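*Asks:* Okay, handing you the structure first.
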Amino acid sequence: MNQSAAPHVPRRWPWILFVVLLACLGAWWWAGESDEGAGPAVSRYAGPVPVRVVEAEQGTFAVESSAIGTVTSLATVQVRAKVDGELKEILFEEGQMVKAGDVLAVIDPQPYEIRLRQAKGQLQQNQAQLQNAEADLRRYQLLHKQDSIARQQLDSQQALVRQHHGMIQTLEAQVADAQLQLDYTRIKAPVSGRLGLRRIDPGNMVRESDADGLVTITQLQPISVLFSIPETQLSELLPALESGGEQEVQAWDRGERRMLEAGILRTIDNQIDIATGTIRLRAEFPNEGGRLFPNQFVNVRLTMRSIENAVSIPVDTVQYGSQGTYVYTVDAENKARVRPVRLGPQAVGRVVVEEGLQPGEKAVLEGLDRLREGREVRLMGEDEPAAPASDASAAGGA
């Protein structure tokens, strides 16, 4: 049975090899047609190529540095009781915005009111004793002038008056201390900001030594952002700061689609991190809209310097070839021209053109894939779609 089946195997292989060979030849022929497709593809678009152009703009160009920053509060305070006692009232809501000086809670004031009255009573008692001693002193002075009493008795009375004066100062301090302790029963916000979650309820005993406190206040207005820049950019930033100018800083969302807040650079750290080769900076933002929140990650744009009368174009107009960077321009006859350019700083989707373009010249922004030197173009409006990117092989013609 094995002998009868063996002859069928070799007869199948020639057909299989033939089919595979035909498939390879077909694939090779199709790839060749695709490589030579520039001619046919262009012929399908033998008319003017629809493109969208932008004009090279001249003006002040802000050179920026981009970084990832962390929003940090300028003040985070844990509110604690300054005196011991029973917590009678909570006068705030969790997450509430408060101002410095607002009353947040009340501790039972009765024990401290009693201490204050005691201190005031002792003060009044000593004031009466002082008045009596001063009256005796005036009589002793008169009798001493009449040589009716000894000098020692007069000196003793003067010492007694000074003693009462000192006691009154001590008692006045005790009254002030008792008043201060009574004031501390009304727990006030030390800074303005947003309250966190409360950590104790009315009816509990609170103590000055409690570590957790009652609640935490985080200042949000103003707020700061910490970020780092490479040390190589420090030499460019320092002259602007030494001149006394304020460097603008912008905070953008993670997708860099929306600017959250604009602020100014406040300070630079005093040393460079040798592990990363960067230096930390702090920017301050008014945060009036509350868009920045502590520990939030944001994209930071720091204005390093400004270039006056700079010619700039969108980054997407720039092409890269074997001869360097270039752009497609459109001449008066609506024909595409290759224009080599020398580029400068880049920021916010635009780049400075140091050589190669003049203000007002038109650079092609969309429809670049089928352009070549001398190709006729048709300018599209803002609401019209540019030519589809169907023939990427023609883009390398320059």
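Letters A, B, ... go to the chains of the structure tokens in the order shown; residues in each chain start at 1; ligands are counted from 1 in the same order.
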With DSSP run on the backbone, what are the strand (DSSP E or B) residues within stretch 67-273 of chain A? I'd like them as a PyMOL selection string.
*Replies:* chain A and resi 67-72+76-79+85-90+97-98+103-107+186-188+193-195+205-206+215-218+223-230+248-252+259-268+273
*Asks:* Could you pull the residues within 12 Å of A:Ser65, counting only C-alpha atoms, minus those fewer than 6 positions along the same chain, as a PyMOL selection string?
*Replies:* chain A and resi 227-234+236-237+247-250+299-305+345-348
*Asks:* Taking into account only C-alpha atoms, which residue in the set A:Pro294, A:Gly196, A:Gly360, A:Pro239 is nearest to A:Asp331?
*Replies:* A:Gly360
*Asks:* Excluding A:Gly85 and residues on its chain fewer than 5 positions from it, collect all residues at most 12 Å away from it, counting only C-alpha atoms, and give them as a list in words.
*Replies:*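 Here the qualifying residues turn out to be Ala105, Val106, Ile107, Asp108, Pro109, Gln110, Pro111, Tyr112, Gln181, Leu182, Tyr184, Thr185, Arg186, Ile187, Pro202, Gly203, Asn204, Met205, Val206, Arg207, Glu208, Ser209 and Asp210 of chain A.
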*Asks:* Let me see the file: selected residues, N, CA, C and O atoms, as a tab-separated table (two decimals), in the first residue's frame.
*Replies:*
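See result_31.tsv below for the written result:
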chain	number	residue	atom	x	y	z
A	105	ALA	N	-13.99	76.88	63.55
A	105	ALA	CA	-14.55	76.03	64.60
A	105	ALA	C	-14.49	76.77	65.93
A	105	ALA	O	-13.77	77.77	66.07
A	106	VAL	N	-15.26	76.28	66.91
A	106	VAL	CA	-15.33	76.91	68.23
A	106	VAL	C	-15.13	75.84	69.29
A	106	VAL	O	-15.80	74.80	69.27
A	107	ILE	N	-14.19	76.10	70.20
A	107	ILE	CA	-13.96	75.26	71.37
A	107	ILE	C	-14.73	75.86	72.55
A	107	ILE	O	-14.90	77.09	72.63
A	108	ASP	N	-15.20	75.02	73.47
A	108	ASP	CA	-15.96	75.49	74.63
A	108	ASP	C	-15.18	76.60	75.35
A	108	ASP	O	-14.10	76.37	75.88
A	109	PRO	N	-15.72	77.85	75.38
A	109	PRO	CA	-14.96	78.98	75.92
A	109	PRO	C	-15.13	79.18	77.43
A	109	PRO	O	-14.42	80.01	78.01
A	110	GLN	N	-16.03	78.48	78.08
A	110	GLN	CA	-16.35	78.78	79.47
A	110	GLN	C	-15.14	78.70	80.41
A	110	GLN	O	-14.94	79.62	81.23
A	111	PRO	N	-14.32	77.64	80.37
A	111	PRO	CA	-13.16	77.61	81.28
A	111	PRO	C	-12.24	78.81	81.10
A	111	PRO	O	-11.68	79.32	82.08
A	112	TYR	N	-12.09	79.28	79.87
A	112	TYR	CA	-11.17	80.38	79.60
A	112	TYR	C	-11.80	81.72	79.98
A	112	TYR	O	-11.09	82.67	80.32
A	181	GLN	N	-5.95	83.21	75.36
A	181	GLN	CA	-6.42	81.84	75.41
A	181	GLN	C	-7.90	81.76	75.08
A	181	GLN	O	-8.35	80.81	74.41
A	182	LEU	N	-8.66	82.75	75.52
A	182	LEU	CA	-10.08	82.79	75.19
A	182	LEU	C	-10.28	82.99	73.69
A	182	LEU	O	-11.15	82.36	73.06
A	184	TYR	N	-8.32	82.03	71.38
A	184	TYR	CA	-7.92	80.80	70.69
A	184	TYR	C	-9.04	79.77	70.66
A	184	TYR	O	-8.94	78.79	69.91
A	185	THR	N	-10.08	79.94	71.46
A	185	THR	CA	-11.20	79.01	71.39
A	185	THR	C	-11.98	79.16	70.09
A	185	THR	O	-12.75	78.27	69.72
A	186	ARG	N	-11.77	80.25	69.39
A	186	ARG	CA	-12.34	80.45	68.06
A	186	ARG	C	-11.23	80.19	67.05
A	186	ARG	O	-10.34	81.03	66.85
A	187	ILE	N	-11.24	79.03	66.45
A	187	ILE	CA	-10.18	78.61	65.54
A	187	ILE	C	-10.39	79.28	64.20
A	187	ILE	O	-11.44	79.11	63.56
A	202	PRO	N	-17.71	67.61	66.09
A	202	PRO	CA	-18.07	68.30	67.34
A	202	PRO	C	-18.36	67.29	68.45
A	202	PRO	O	-18.90	66.20	68.22
A	203	GLY	N	-18.02	67.67	69.69
A	203	GLY	CA	-18.21	66.80	70.84
A	203	GLY	C	-16.93	66.13	71.27
A	203	GLY	O	-16.83	65.65	72.41
A	204	ASN	N	-15.94	66.06	70.40
A	204	ASN	CA	-14.66	65.46	70.74
A	204	ASN	C	-13.80	66.46	71.49
A	204	ASN	O	-13.92	67.68	71.32
A	205	MET	N	-12.89	65.94	72.29
A	205	MET	CA	-11.90	66.77	72.96
A	205	MET	C	-10.74	67.01	72.01
A	205	MET	O	-10.24	66.09	71.37
A	206	VAL	N	-10.34	68.26	71.88
A	206	VAL	CA	-9.19	68.61	71.05
A	206	VAL	C	-8.08	69.15	71.97
A	206	VAL	O	-8.37	69.75	73.01
A	207	ARG	N	-6.86	68.89	71.57
A	207	ARG	CA	-5.71	69.30	72.36
A	207	ARG	C	-4.69	69.99	71.46
A	207	ARG	O	-4.62	69.72	70.26
A	208	GLU	N	-3.93	70.84	72.05
A	208	GLU	CA	-2.89	71.55	71.31
A	208	GLU	C	-1.87	70.59	70.73
A	208	GLU	O	-1.27	70.87	69.69
A	209	SER	N	-1.68	69.46	71.38
A	209	SER	CA	-0.66	68.50	70.95
A	209	SER	C	-1.16	67.53	69.88
A	209	SER	O	-0.40	66.67	69.43
A	210	ASP	N	-2.42	67.64	69.45
A	210	ASP	CA	-2.96	66.73	68.43
A	210	ASP	C	-2.17	66.89	67.13
A	210	ASP	O	-1.99	68.01	66.63
*Asks:* List the neighbours of A:Gln152 out to 12 Å using only C-alpha atoms; skip same-chain residues closer than 6 positions along the sequence, and give me the result as a list in words.
*Replies:*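 Contacts, in chain order: Tyr140, Gln141, His144, Gln158 and Ala159 of chain A.
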*Asks:* Would you mind exporting C-alpha atoms of the selected residues as an mmCIF file, in the first residue's frame?
*Replies:*
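Saved result, selection_33.cif, follows:
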data_model
loop_
_atom_site.group_PDB
_atom_site.id
_atom_site.type_symbol
_atom_site.label_atom_id
_atom_site.label_comp_id
_atom_site.auth_asym_id
_atom_site.auth_seq_id
_atom_site.Cartn_x
_atom_site.Cartn_y
_atom_site.Cartn_z
ATOM 1 C CA TYR A 140 5.017 110.463 104.002
ATOM 2 C CA GLN A 141 6.653 112.914 101.630
ATOM 3 C CA HIS A 144 9.327 114.109 105.769
ATOM 4 C CA GLN A 158 8.495 104.309 97.891
ATOM 5 C CA ALA A 159 9.682 100.708 97.527
#
*Asks:* Can you pull out the residues contacting stretch 340-343 of chain A? Cut-off 9 Å, using only C-alpha atoms, and skip same-chain residues under 3 positions away; I want them as a list in words.
*Replies:* Val318, Gln323, Gly324, Thr325, Tyr326, Val327, Tyr328, Gln346, Val351, Val352, Val353, Glu354, Glu355, Gly356 and Leu357 of chain A
*Asks:* Using only C-alpha atoms, which residues sit within 10 Å of A:Gly47 once same-chain residues fewer than 6 positions away are excluded, as a list in words?
*Replies:*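 The neighbour list is Arg375, Glu376, Val377 and Arg378 of chain A.
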*Asks:* So which bits of stretch 239-278 of chain A end up alpha helix (DSSP H) when you DSSP the backbone, as a list in words?
*Replies:* Pro239, Ala240, Leu241 and Glu242 of chain A
